[in-house]
Protein chains: 2
Amino acid sequence: MNEAAPAGTQVVAPLKRETFSDRIAADLRRAIISGEIEAGDQLREIELAARFGVSRGPLREALGLLASEGLVVSVPYTGTRVLKLTAKDVREIYTMRTCLESLAFKEIWNSRSEAFATELEARHKKLLGTQQLSDHVASSEAEVSLHSLVYEFCGHTLLHESWLRIAGRLQFYLAVHQRAHGRTAPIDDAHERYVQLALGDSLDRMLDEIEAHMQRGIVQMEDYLDG
Amino acid sequence: MNEAAPAGTQVVAPLKRETFSDRIAADLRRAIISGEIEAGDQLREIELAARFGVSRGPLREALGLLASEGLVVSVPYTGTRVLKLTAKDVREIYTMRTCLESLAFKEIWNSRSEAFATELEARHKKLLGTQQLSDHVASSEAEVSLHSLVYEFCGHTLLHESWLRIAGRLQFYLAVHQRAHGRTAPIDDAHERYVQLALGDSLDRMLDEIEAHMQRGIVQMEDYLDG
DNA sequence: AATTGTATAATTGTTGACAATCTTACAATA
DNA sequence: TATTGTAAGATTGTCAACAATTATACAATT
């Protein structure tokens, strides 16, 4: 092999040109989260290619992206289906979140900016708005967006990337769960407390809140499965 | 309230048929980690397709897999190049490892099996062997394999998956680093201590060791960059 | 009725050709 | 000299047809 790039030149913000597969992956993601395509459904390549007006090549690439996010699972020569979440899956999502989000707050704690605070409150307000409108999809998106903030600001690229890889599954679960419940109203003031502590002055209390927040999420899921 | 065996058809070990892209991805991974393809090199699809005797379709899929592992980075219409690790990248890998491996040990601690202990010592012995042979590739693989064990045994699928997604980058770094150093001999008895504590009876001491282990890794990397 | 074998259909895996985009070299211009 | 425009080449993106594999229906057999 040959030819590395010149040592000095640093690639900055490649300004990625959008390719078909990106748009298709986004559309499919939306369709899955909104419930238009249900959990367990098979995603047929020919059918979807026709629907999006492309050939199977780019479509396969889009499915590959979704598979890397865990939203679909594909078996060679058999097909790819929309993820069917189990209770174990959800528990794992929450324990992972505890771990990742704690690290994110540790990383950002001593350099929380004004912009961070502003944006955090903006996203919180947006979440409250969607909850009042009973818009399940927008609500799940807003909740994920609220929690995404710390990953976006903490400056830890790998951590942010790891978060993005499970954020889709979380949003999928939240949307499904809320649809099943038939409500989007918050069960308590958890997010108020979350925002307040995130802007407060005790990292330890924030970390405790994260753990408690996730634990409540697990309990809520298990209650739902029992009821 | 736990555990599986739900009604309905359960997917049992799909026995994945191997497809071209899997084998190609594995071969490319090996070539990248061994240094046959150097960091920063461009991976040309036509050239690689010819080398592996396939068309560009499966090859592109293989590149997609490597991209999802972070071993290569691709820009639309421009190409995909082998990852060039920065000091920041390496620091992030180690802080992520601290976070993930701690969770893994918390999960497994009270259910460590006899098989776990046996396999841990087996992999440790294998690591020592490769280090004496000064085989950089095998040594980096053995070291990653040693640390992989806890993820394989802890029963946390999502955690394991997250680990696999950074394990390739870690092995890549270890191999590059060891080649640059020209040695594979351990700098201290870190792995002895790691194994001993992993089989010991204090989770807290194990967690401390993980943190220290990763911190040493970062320091070692920074020393190398300065020297 | 349950099981097994076989032909058929449906679906994914793979290929080679063509289109779109980027990179490079180089001449024209100020 | 430095800059800009342009054309050629190289590389990736996309497509439509073909091959390999799996799933289904159904008859034959026990």
# chains A, B, ... in the order shown; residues from 1 in each chain; ligands from 1
call {"tool": "select_by_dssp", "arguments": {"residues": "region 5-197 of chain A", "states": "strand (DSSP E or B)", "output": "list in words"}}
result
Gln42, Leu43, Val72, Val73, Ser74, Val75, Gly79, Thr80, Arg81 and Val82 of chain A
call {"tool": "select_by_dssp", "arguments": {"residues": "region 14-94 of chain A", "states": "alpha helix (DSSP H)", "output": "ChimeraX atom specification"}}
result
/A:20-34,45-52,56-69,87-94
call {"tool": "interface_residues", "arguments": {"of": "chain A", "to": "chain B", "cutoff": "10 Å", "atoms": "only C-alpha atoms", "output": "PyMOL selection string"}}
result
chain A and resi 1-7+14-19+57+60-61+64-65+68-70+74-78+86-93+95-96+98-100+102-103+107+155-159+161-163+165-166+222-223+225-226
call {"tool": "closest_atom_pairs", "arguments": {"of": "chain D", "to": "chain A", "cutoff": "12 Å", "atoms": "only C-alpha atoms (C1' of nucleotides)", "output": "tab-separated table"}}
result
residue	atom	partner	partner_atom	distance
D:DT12	C1'	A:Thr19	CA	11.1
D:DG13	C1'	A:Thr19	CA	8.1
D:DT14	C1'	A:Gly57	CA	7.1
D:DC15	C1'	A:Ser55	CA	6.1
D:DA16	C1'	A:Ser55	CA	8.2
D:DA20	C1'	A:Tyr77	CA	8.8
D:DT21	C1'	A:Tyr77	CA	5.9
D:DT22	C1'	A:Thr78	CA	6.3
D:DA23	C1'	A:Thr78	CA	8.7
call {"tool": "closest_atom_pairs", "arguments": {"of": "chain C", "to": "chain B", "cutoff": "9 Å", "atoms": "only C-alpha atoms (C1' of nucleotides)", "output": "Markdown table"}}
result
| residue | atom | partner | partner_atom | distance |
| --- | --- | --- | --- | --- |
| C:DG13 | C1' | B:Thr19 | CA | 8.1 |
| C:DT14 | C1' | B:Gly57 | CA | 7.1 |
| C:DT15 | C1' | B:Ser55 | CA | 6.2 |
| C:DG16 | C1' | B:Ser55 | CA | 8.2 |
| C:DA20 | C1' | B:Tyr77 | CA | 8.8 |
| C:DT21 | C1' | B:Tyr77 | CA | 5.9 |
| C:DC22 | C1' | B:Thr78 | CA | 6.3 |
| C:DT23 | C1' | B:Thr78 | CA | 8.9 |
call {"tool": "residues_around", "arguments": {"residues": "DT8 (chain C)", "least_positions_apart": "3", "cutoff": "12 Å", "atoms": "only C-alpha atoms (C1' of nucleotides)", "output": "list in words"}}
result
DA23, DT24, DA25 and DC26 of chain D
call {"tool": "write_last_selection", "arguments": {"atoms": "all heavy atoms", "output": "compact mmCIF listing (two decimals), in the first residue's frame"}}
result
# COMPACT_ATOMS: atom_id res chain seq x y z
P DA D 23 -35.19 -19.23 5.95
OP1 DA D 23 -35.22 -18.26 7.05
OP2 DA D 23 -34.85 -20.63 6.22
O5' DA D 23 -36.60 -19.18 5.20
C5' DA D 23 -37.14 -17.93 4.83
C4' DA D 23 -38.40 -18.12 4.01
O4' DA D 23 -38.07 -18.84 2.80
C3' DA D 23 -39.51 -18.92 4.70
O3' DA D 23 -40.73 -18.23 4.54
C2' DA D 23 -39.51 -20.26 3.98
C1' DA D 23 -39.01 -19.89 2.59
N9 DA D 23 -38.30 -20.96 1.89
C8 DA D 23 -37.19 -21.63 2.30
N7 DA D 23 -36.76 -22.53 1.46
C5 DA D 23 -37.65 -22.46 0.41
C6 DA D 23 -37.75 -23.16 -0.82
N6 DA D 23 -36.90 -24.11 -1.18
N1 DA D 23 -38.76 -22.83 -1.65
C2 DA D 23 -39.62 -21.86 -1.27
N3 DA D 23 -39.63 -21.14 -0.14
C4 DA D 23 -38.60 -21.48 0.65
P DT D 24 -42.02 -18.77 5.31
OP1 DT D 24 -42.76 -17.59 5.78
OP2 DT D 24 -41.61 -19.82 6.27
O5' DT D 24 -42.88 -19.46 4.15
C5' DT D 24 -43.07 -18.76 2.93
C4' DT D 24 -43.75 -19.66 1.91
O4' DT D 24 -42.79 -20.58 1.36
C3' DT D 24 -44.90 -20.50 2.48
O3' DT D 24 -46.08 -20.21 1.77
C2' DT D 24 -44.44 -21.95 2.27
C1' DT D 24 -43.42 -21.82 1.14
N1 DT D 24 -42.36 -22.86 1.11
C2 DT D 24 -42.20 -23.61 -0.02
O2 DT D 24 -42.88 -23.48 -1.02
N3 DT D 24 -41.19 -24.55 0.05
C4 DT D 24 -40.36 -24.79 1.13
O4 DT D 24 -39.49 -25.66 1.08
C5 DT D 24 -40.58 -23.97 2.29
C7 DT D 24 -39.74 -24.14 3.50
C6 DT D 24 -41.57 -23.04 2.23
P DA D 25 -47.49 -20.88 2.24
OP1 DA D 25 -48.52 -19.83 2.14
OP2 DA D 25 -47.29 -21.62 3.50
O5' DA D 25 -47.74 -21.93 1.08
C5' DA D 25 -47.42 -21.57 -0.26
C4' DA D 25 -47.65 -22.74 -1.19
O4' DA D 25 -46.49 -23.62 -1.17
C3' DA D 25 -48.85 -23.63 -0.83
O3' DA D 25 -49.52 -24.01 -2.02
C2' DA D 25 -48.23 -24.82 -0.11
C1' DA D 25 -46.87 -24.93 -0.78
N9 DA D 25 -45.82 -25.46 0.07
C8 DA D 25 -45.59 -25.17 1.39
N7 DA D 25 -44.54 -25.79 1.91
C5 DA D 25 -44.05 -26.53 0.85
C6 DA D 25 -42.96 -27.41 0.74
N6 DA D 25 -42.13 -27.70 1.75
N1 DA D 25 -42.75 -27.99 -0.46
C2 DA D 25 -43.58 -27.71 -1.47
N3 DA D 25 -44.64 -26.91 -1.48
C4 DA D 25 -44.82 -26.34 -0.28
P DC D 26 -50.92 -24.80 -1.93
OP1 DC D 26 -51.75 -24.29 -3.05
OP2 DC D 26 -51.43 -24.75 -0.55
O5' DC D 26 -50.51 -26.30 -2.25
C5' DC D 26 -49.58 -26.55 -3.29
C4' DC D 26 -49.12 -27.99 -3.25
O4' DC D 26 -47.99 -28.14 -2.35
C3' DC D 26 -50.17 -29.00 -2.76
O3' DC D 26 -50.17 -30.13 -3.60
C2' DC D 26 -49.68 -29.36 -1.37
C1' DC D 26 -48.17 -29.32 -1.61
N1 DC D 26 -47.36 -29.24 -0.37
C2 DC D 26 -46.15 -29.93 -0.32
O2 DC D 26 -45.79 -30.58 -1.30
N3 DC D 26 -45.40 -29.88 0.81
C4 DC D 26 -45.84 -29.16 1.86
N4 DC D 26 -45.06 -29.13 2.95
C5 DC D 26 -47.08 -28.45 1.82
C6 DC D 26 -47.79 -28.52 0.71
call {"tool": "residues_around", "arguments": {"residues": "Phe105 (chain A)", "least_positions_apart": "5", "cutoff": "10 Å", "atoms": "only C-alpha atoms (C1' of nucleotides)", "output": "ChimeraX atom specification"}}
result
/A:100,110,112,150-151,153-154,198,203,206-207,210
call {"tool": "closest_residue", "arguments": {"among": "A:Phe172, A:Arg216, A:Lys106, A:Val195", "to": "Ala138 (chain A)", "atoms": "only C-alpha atoms"}}
result
A:Phe172
call {"tool": "residues_around", "arguments": {"residues": "DT24 (chain C)", "least_positions_apart": "3", "cutoff": "12 Å", "atoms": "only C-alpha atoms (C1' of nucleotides)", "output": "PDB file with all heavy atoms, in the first residue's frame"}}
result
ATOM      1  P    DT D   6     -13.718  28.296 -17.681  1.00  0.00           P
ATOM      2  OP1  DT D   6     -14.359  28.959 -18.849  1.00  0.00           O
ATOM      3  OP2  DT D   6     -14.545  27.907 -16.522  1.00  0.00           O
ATOM      4  O5'  DT D   6     -12.916  27.037 -18.212  1.00  0.00           O
ATOM      5  C5'  DT D   6     -11.660  27.228 -18.848  1.00  0.00           C
ATOM      6  C4'  DT D   6     -11.007  25.883 -19.131  1.00  0.00           C
ATOM      7  O4'  DT D   6     -10.137  25.512 -18.034  1.00  0.00           O
ATOM      8  C3'  DT D   6     -11.986  24.713 -19.296  1.00  0.00           C
ATOM      9  O3'  DT D   6     -11.544  23.886 -20.353  1.00  0.00           O
ATOM     10  C2'  DT D   6     -11.886  23.989 -17.961  1.00  0.00           C
ATOM     11  C1'  DT D   6     -10.407  24.168 -17.661  1.00  0.00           C
ATOM     12  N1   DT D   6     -10.036  23.994 -16.235  1.00  0.00           N
ATOM     13  C2   DT D   6      -8.901  23.274 -15.930  1.00  0.00           C
ATOM     14  O2   DT D   6      -8.185  22.785 -16.776  1.00  0.00           O
ATOM     15  N3   DT D   6      -8.636  23.175 -14.579  1.00  0.00           N
ATOM     16  C4   DT D   6      -9.390  23.694 -13.541  1.00  0.00           C
ATOM     17  O4   DT D   6      -9.057  23.541 -12.384  1.00  0.00           O
ATOM     18  C5   DT D   6     -10.569  24.432 -13.934  1.00  0.00           C
ATOM     19  C7   DT D   6     -11.449  25.033 -12.898  1.00  0.00           C
ATOM     20  C6   DT D   6     -10.833  24.548 -15.258  1.00  0.00           C
ATOM     21  P    DA D   7     -12.604  23.142 -21.291  1.00  0.00           P
ATOM     22  OP1  DA D   7     -12.767  23.899 -22.544  1.00  0.00           O
ATOM     23  OP2  DA D   7     -13.804  22.833 -20.462  1.00  0.00           O
ATOM     24  O5'  DA D   7     -11.841  21.798 -21.618  1.00  0.00           O
ATOM     25  C5'  DA D   7     -10.450  21.862 -21.946  1.00  0.00           C
ATOM     26  C4'  DA D   7      -9.713  20.682 -21.328  1.00  0.00           C
ATOM     27  O4'  DA D   7      -9.586  20.888 -19.899  1.00  0.00           O
ATOM     28  C3'  DA D   7     -10.418  19.327 -21.500  1.00  0.00           C
ATOM     29  O3'  DA D   7      -9.478  18.362 -21.948  1.00  0.00           O
ATOM     30  C2'  DA D   7     -10.923  19.001 -20.100  1.00  0.00           C
ATOM     31  C1'  DA D   7      -9.868  19.676 -19.232  1.00  0.00           C
ATOM     32  N9   DA D   7     -10.310  19.988 -17.872  1.00  0.00           N
ATOM     33  C8   DA D   7     -11.460  20.636 -17.509  1.00  0.00           C
ATOM     34  N7   DA D   7     -11.596  20.787 -16.212  1.00  0.00           N
ATOM     35  C5   DA D   7     -10.463  20.197 -15.687  1.00  0.00           C
ATOM     36  C6   DA D   7      -9.999  20.032 -14.361  1.00  0.00           C
ATOM     37  N6   DA D   7     -10.670  20.457 -13.294  1.00  0.00           N
ATOM     38  N1   DA D   7      -8.812  19.398 -14.195  1.00  0.00           N
ATOM     39  C2   DA D   7      -8.149  18.973 -15.276  1.00  0.00           C
ATOM     40  N3   DA D   7      -8.477  19.082 -16.564  1.00  0.00           N
ATOM     41  C4   DA D   7      -9.656  19.706 -16.696  1.00  0.00           C
ATOM     42  P    DA D   8      -9.974  17.025 -22.645  1.00  0.00           P
ATOM     43  OP1  DA D   8      -9.474  17.041 -24.043  1.00  0.00           O
ATOM     44  OP2  DA D   8     -11.406  16.869 -22.374  1.00  0.00           O
ATOM     45  O5'  DA D   8      -9.169  15.913 -21.845  1.00  0.00           O
ATOM     46  C5'  DA D   8      -7.774  16.091 -21.628  1.00  0.00           C
ATOM     47  C4'  DA D   8      -7.338  15.319 -20.393  1.00  0.00           C
ATOM     48  O4'  DA D   8      -7.888  15.955 -19.212  1.00  0.00           O
ATOM     49  C3'  DA D   8      -7.810  13.862 -20.366  1.00  0.00           C
ATOM     50  O3'  DA D   8      -6.696  13.018 -20.136  1.00  0.00           O
ATOM     51  C2'  DA D   8      -8.799  13.798 -19.208  1.00  0.00           C
ATOM     52  C1'  DA D   8      -8.366  14.957 -18.326  1.00  0.00           C
ATOM     53  N9   DA D   8      -9.464  15.547 -17.559  1.00  0.00           N
ATOM     54  C8   DA D   8     -10.666  16.010 -18.037  1.00  0.00           C
ATOM     55  N7   DA D   8     -11.451  16.502 -17.106  1.00  0.00           N
ATOM     56  C5   DA D   8     -10.724  16.349 -15.941  1.00  0.00           C
ATOM     57  C6   DA D   8     -11.008  16.674 -14.602  1.00  0.00           C
ATOM     58  N6   DA D   8     -12.152  17.232 -14.208  1.00  0.00           N
ATOM     59  N1   DA D   8     -10.063  16.402 -13.686  1.00  0.00           N
ATOM     60  C2   DA D   8      -8.913  15.835 -14.088  1.00  0.00           C
ATOM     61  N3   DA D   8      -8.528  15.480 -15.320  1.00  0.00           N
ATOM     62  C4   DA D   8      -9.492  15.773 -16.203  1.00  0.00           C
ATOM     63  P    DG D   9      -6.850  11.433 -20.306  1.00  0.00           P
ATOM     64  OP1  DG D   9      -5.652  10.931 -21.003  1.00  0.00           O
ATOM     65  OP2  DG D   9      -8.195  11.147 -20.856  1.00  0.00           O
ATOM     66  O5'  DG D   9      -6.804  10.924 -18.798  1.00  0.00           O
ATOM     67  C5'  DG D   9      -5.725  11.337 -17.948  1.00  0.00           C
ATOM     68  C4'  DG D   9      -6.079  11.079 -16.493  1.00  0.00           C
ATOM     69  O4'  DG D   9      -7.158  11.942 -16.091  1.00  0.00           O
ATOM     70  C3'  DG D   9      -6.529   9.646 -16.192  1.00  0.00           C
ATOM     71  O3'  DG D   9      -5.669   9.100 -15.198  1.00  0.00           O
ATOM     72  C2'  DG D   9      -7.957   9.782 -15.683  1.00  0.00           C
ATOM     73  C1'  DG D   9      -8.019  11.237 -15.218  1.00  0.00           C
ATOM     74  N9   DG D   9      -9.340  11.855 -15.311  1.00  0.00           N
ATOM     75  C8   DG D   9     -10.101  12.000 -16.442  1.00  0.00           C
ATOM     76  N7   DG D   9     -11.237  12.613 -16.223  1.00  0.00           N
ATOM     77  C5   DG D   9     -11.217  12.881 -14.857  1.00  0.00           C
ATOM     78  C6   DG D   9     -12.173  13.532 -14.033  1.00  0.00           C
ATOM     79  O6   DG D   9     -13.255  13.999 -14.367  1.00  0.00           O
ATOM     80  N1   DG D   9     -11.746  13.594 -12.712  1.00  0.00           N
ATOM     81  C2   DG D   9     -10.554  13.097 -12.237  1.00  0.00           C
ATOM     82  N2   DG D   9     -10.323  13.245 -10.944  1.00  0.00           N
ATOM     83  N3   DG D   9      -9.660  12.497 -13.004  1.00  0.00           N
ATOM     84  C4   DG D   9     -10.046  12.420 -14.290  1.00  0.00           C
ATOM     85  P    DA D  10      -5.828   7.566 -14.827  1.00  0.00           P
ATOM     86  OP1  DA D  10      -4.465   7.013 -14.703  1.00  0.00           O
ATOM     87  OP2  DA D  10      -6.816   6.925 -15.716  1.00  0.00           O
ATOM     88  O5'  DA D  10      -6.444   7.673 -13.362  1.00  0.00           O
ATOM     89  C5'  DA D  10      -5.937   8.677 -12.469  1.00  0.00           C
ATOM     90  C4'  DA D  10      -6.824   8.761 -11.228  1.00  0.00           C
ATOM     91  O4'  DA D  10      -8.028   9.492 -11.523  1.00  0.00           O
ATOM     92  C3'  DA D  10      -7.263   7.399 -10.675  1.00  0.00           C
ATOM     93  O3'  DA D  10      -7.174   7.424  -9.265  1.00  0.00           O
ATOM     94  C2'  DA D  10      -8.715   7.291 -11.141  1.00  0.00           C
ATOM     95  C1'  DA D  10      -9.158   8.750 -11.097  1.00  0.00           C
ATOM     96  N9   DA D  10     -10.260   9.072 -11.983  1.00  0.00           N
ATOM     97  C8   DA D  10     -10.390   8.737 -13.306  1.00  0.00           C
ATOM     98  N7   DA D  10     -11.504   9.182 -13.869  1.00  0.00           N
ATOM     99  C5   DA D  10     -12.140   9.858 -12.846  1.00  0.00           C
ATOM    100  C6   DA D  10     -13.359  10.561 -12.784  1.00  0.00           C
ATOM    101  N6   DA D  10     -14.179  10.688 -13.832  1.00  0.00           N
ATOM    102  N1   DA D  10     -13.694  11.118 -11.613  1.00  0.00           N
ATOM    103  C2   DA D  10     -12.868  10.979 -10.565  1.00  0.00           C
ATOM    104  N3   DA D  10     -11.695  10.347 -10.502  1.00  0.00           N
ATOM    105  C4   DA D  10     -11.382   9.805 -11.682  1.00  0.00           C
TER     106       DA D  10
END
call {"tool": "decode", "arguments": {"residues": "region 163-191 of chain B", "atoms": "N, CA and C atoms", "output": "PDB file, in the first residue's frame"}}
result
ATOM      1  N   TRP B 163     -18.200  -2.597  23.617  1.00  0.00           N
ATOM      2  CA  TRP B 163     -16.785  -2.910  23.743  1.00  0.00           C
ATOM      3  C   TRP B 163     -16.184  -3.325  22.402  1.00  0.00           C
ATOM      4  N   LEU B 164     -16.896  -4.202  21.702  1.00  0.00           N
ATOM      5  CA  LEU B 164     -16.378  -4.665  20.418  1.00  0.00           C
ATOM      6  C   LEU B 164     -16.149  -3.508  19.462  1.00  0.00           C
ATOM      7  N   ARG B 165     -16.952  -2.464  19.627  1.00  0.00           N
ATOM      8  CA  ARG B 165     -16.859  -1.349  18.713  1.00  0.00           C
ATOM      9  C   ARG B 165     -15.607  -0.510  18.949  1.00  0.00           C
ATOM     10  N   ILE B 166     -15.006  -0.626  20.126  1.00  0.00           N
ATOM     11  CA  ILE B 166     -13.770   0.122  20.331  1.00  0.00           C
ATOM     12  C   ILE B 166     -12.557  -0.809  20.458  1.00  0.00           C
ATOM     13  N   ALA B 167     -12.810  -2.099  20.580  1.00  0.00           N
ATOM     14  CA  ALA B 167     -11.716  -3.054  20.755  1.00  0.00           C
ATOM     15  C   ALA B 167     -10.766  -3.030  19.556  1.00  0.00           C
ATOM     16  N   GLY B 168     -11.330  -2.893  18.361  1.00  0.00           N
ATOM     17  CA  GLY B 168     -10.500  -2.842  17.165  1.00  0.00           C
ATOM     18  C   GLY B 168      -9.548  -1.666  17.186  1.00  0.00           C
ATOM     19  N   ARG B 169     -10.079  -0.516  17.591  1.00  0.00           N
ATOM     20  CA  ARG B 169      -9.235   0.671  17.659  1.00  0.00           C
ATOM     21  C   ARG B 169      -8.140   0.499  18.709  1.00  0.00           C
ATOM     22  N   LEU B 170      -8.504  -0.129  19.825  1.00  0.00           N
ATOM     23  CA  LEU B 170      -7.510  -0.362  20.872  1.00  0.00           C
ATOM     24  C   LEU B 170      -6.390  -1.263  20.363  1.00  0.00           C
ATOM     25  N   GLN B 171      -6.782  -2.351  19.718  1.00  0.00           N
ATOM     26  CA  GLN B 171      -5.765  -3.270  19.220  1.00  0.00           C
ATOM     27  C   GLN B 171      -4.890  -2.584  18.186  1.00  0.00           C
ATOM     28  N   PHE B 172      -5.511  -1.774  17.351  1.00  0.00           N
ATOM     29  CA  PHE B 172      -4.771  -1.002  16.360  1.00  0.00           C
ATOM     30  C   PHE B 172      -3.725  -0.129  17.055  1.00  0.00           C
ATOM     31  N   TYR B 173      -4.165   0.575  18.084  1.00  0.00           N
ATOM     32  CA  TYR B 173      -3.227   1.437  18.816  1.00  0.00           C
ATOM     33  C   TYR B 173      -2.103   0.629  19.460  1.00  0.00           C
ATOM     34  N   LEU B 174      -2.454  -0.446  20.122  1.00  0.00           N
ATOM     35  CA  LEU B 174      -1.450  -1.263  20.799  1.00  0.00           C
ATOM     36  C   LEU B 174      -0.397  -1.774  19.816  1.00  0.00           C
ATOM     37  N   ALA B 175      -0.864  -2.236  18.662  1.00  0.00           N
ATOM     38  CA  ALA B 175       0.072  -2.770  17.669  1.00  0.00           C
ATOM     39  C   ALA B 175       0.993  -1.672  17.149  1.00  0.00           C
ATOM     40  N   VAL B 176       0.417  -0.529  16.804  1.00  0.00           N
ATOM     41  CA  VAL B 176       1.217   0.585  16.306  1.00  0.00           C
ATOM     42  C   VAL B 176       2.234   1.017  17.357  1.00  0.00           C
ATOM     43  N   HIS B 177       1.739   1.143  18.580  1.00  0.00           N
ATOM     44  CA  HIS B 177       2.572   1.604  19.677  1.00  0.00           C
ATOM     45  C   HIS B 177       3.739   0.652  19.912  1.00  0.00           C
ATOM     46  N   GLN B 178       3.436  -0.639  19.944  1.00  0.00           N
ATOM     47  CA  GLN B 178       4.484  -1.624  20.208  1.00  0.00           C
ATOM     48  C   GLN B 178       5.482  -1.686  19.066  1.00  0.00           C
ATOM     49  N   ARG B 179       5.007  -1.536  17.842  1.00  0.00           N
ATOM     50  CA  ARG B 179       5.941  -1.514  16.714  1.00  0.00           C
ATOM     51  C   ARG B 179       6.871  -0.318  16.831  1.00  0.00           C
ATOM     52  N   ALA B 180       6.299   0.828  17.195  1.00  0.00           N
ATOM     53  CA  ALA B 180       7.114   2.036  17.317  1.00  0.00           C
ATOM     54  C   ALA B 180       8.157   1.871  18.420  1.00  0.00           C
ATOM     55  N   HIS B 181       7.753   1.202  19.485  1.00  0.00           N
ATOM     56  CA  HIS B 181       8.658   0.983  20.604  1.00  0.00           C
ATOM     57  C   HIS B 181       9.675  -0.100  20.309  1.00  0.00           C
ATOM     58  N   GLY B 182       9.302  -1.008  19.435  1.00  0.00           N
ATOM     59  CA  GLY B 182      10.203  -2.098  19.111  1.00  0.00           C
ATOM     60  C   GLY B 182      10.303  -3.145  20.194  1.00  0.00           C
ATOM     61  N   ARG B 183       9.292  -3.187  21.040  1.00  0.00           N
ATOM     62  CA  ARG B 183       9.315  -4.226  22.066  1.00  0.00           C
ATOM     63  C   ARG B 183       7.877  -4.617  22.430  1.00  0.00           C
ATOM     64  N   THR B 184       7.757  -5.809  22.999  1.00  0.00           N
ATOM     65  CA  THR B 184       6.448  -6.237  23.463  1.00  0.00           C
ATOM     66  C   THR B 184       6.506  -6.624  24.931  1.00  0.00           C
ATOM     67  N   ALA B 185       7.705  -6.583  25.488  1.00  0.00           N
ATOM     68  CA  ALA B 185       7.830  -6.949  26.893  1.00  0.00           C
ATOM     69  C   ALA B 185       6.995  -6.013  27.750  1.00  0.00           C
ATOM     70  N   PRO B 186       6.336  -6.555  28.759  1.00  0.00           N
ATOM     71  CA  PRO B 186       5.484  -5.729  29.604  1.00  0.00           C
ATOM     72  C   PRO B 186       6.320  -4.730  30.393  1.00  0.00           C
ATOM     73  N   ILE B 187       5.788  -3.562  30.586  1.00  0.00           N
ATOM     74  CA  ILE B 187       6.519  -2.523  31.287  1.00  0.00           C
ATOM     75  C   ILE B 187       6.508  -2.779  32.790  1.00  0.00           C
ATOM     76  N   ASP B 188       5.535  -3.536  33.220  1.00  0.00           N
ATOM     77  CA  ASP B 188       5.493  -3.928  34.640  1.00  0.00           C
ATOM     78  C   ASP B 188       4.606  -5.160  34.758  1.00  0.00           C
ATOM     79  N   ASP B 189       4.207  -5.486  35.952  1.00  0.00           N
ATOM     80  CA  ASP B 189       3.396  -6.680  36.150  1.00  0.00           C
ATOM     81  C   ASP B 189       1.907  -6.331  36.212  1.00  0.00           C
ATOM     82  N   ALA B 190       1.521  -5.340  35.416  1.00  0.00           N
ATOM     83  CA  ALA B 190       0.149  -4.849  35.457  1.00  0.00           C
ATOM     84  C   ALA B 190      -0.875  -5.963  35.218  1.00  0.00           C
ATOM     85  N   HIS B 191      -0.592  -6.800  34.246  1.00  0.00           N
ATOM     86  CA  HIS B 191      -1.578  -7.823  33.915  1.00  0.00           C
ATOM     87  C   HIS B 191      -1.659  -8.913  34.982  1.00  0.00           C
TER      88      HIS B 191
END
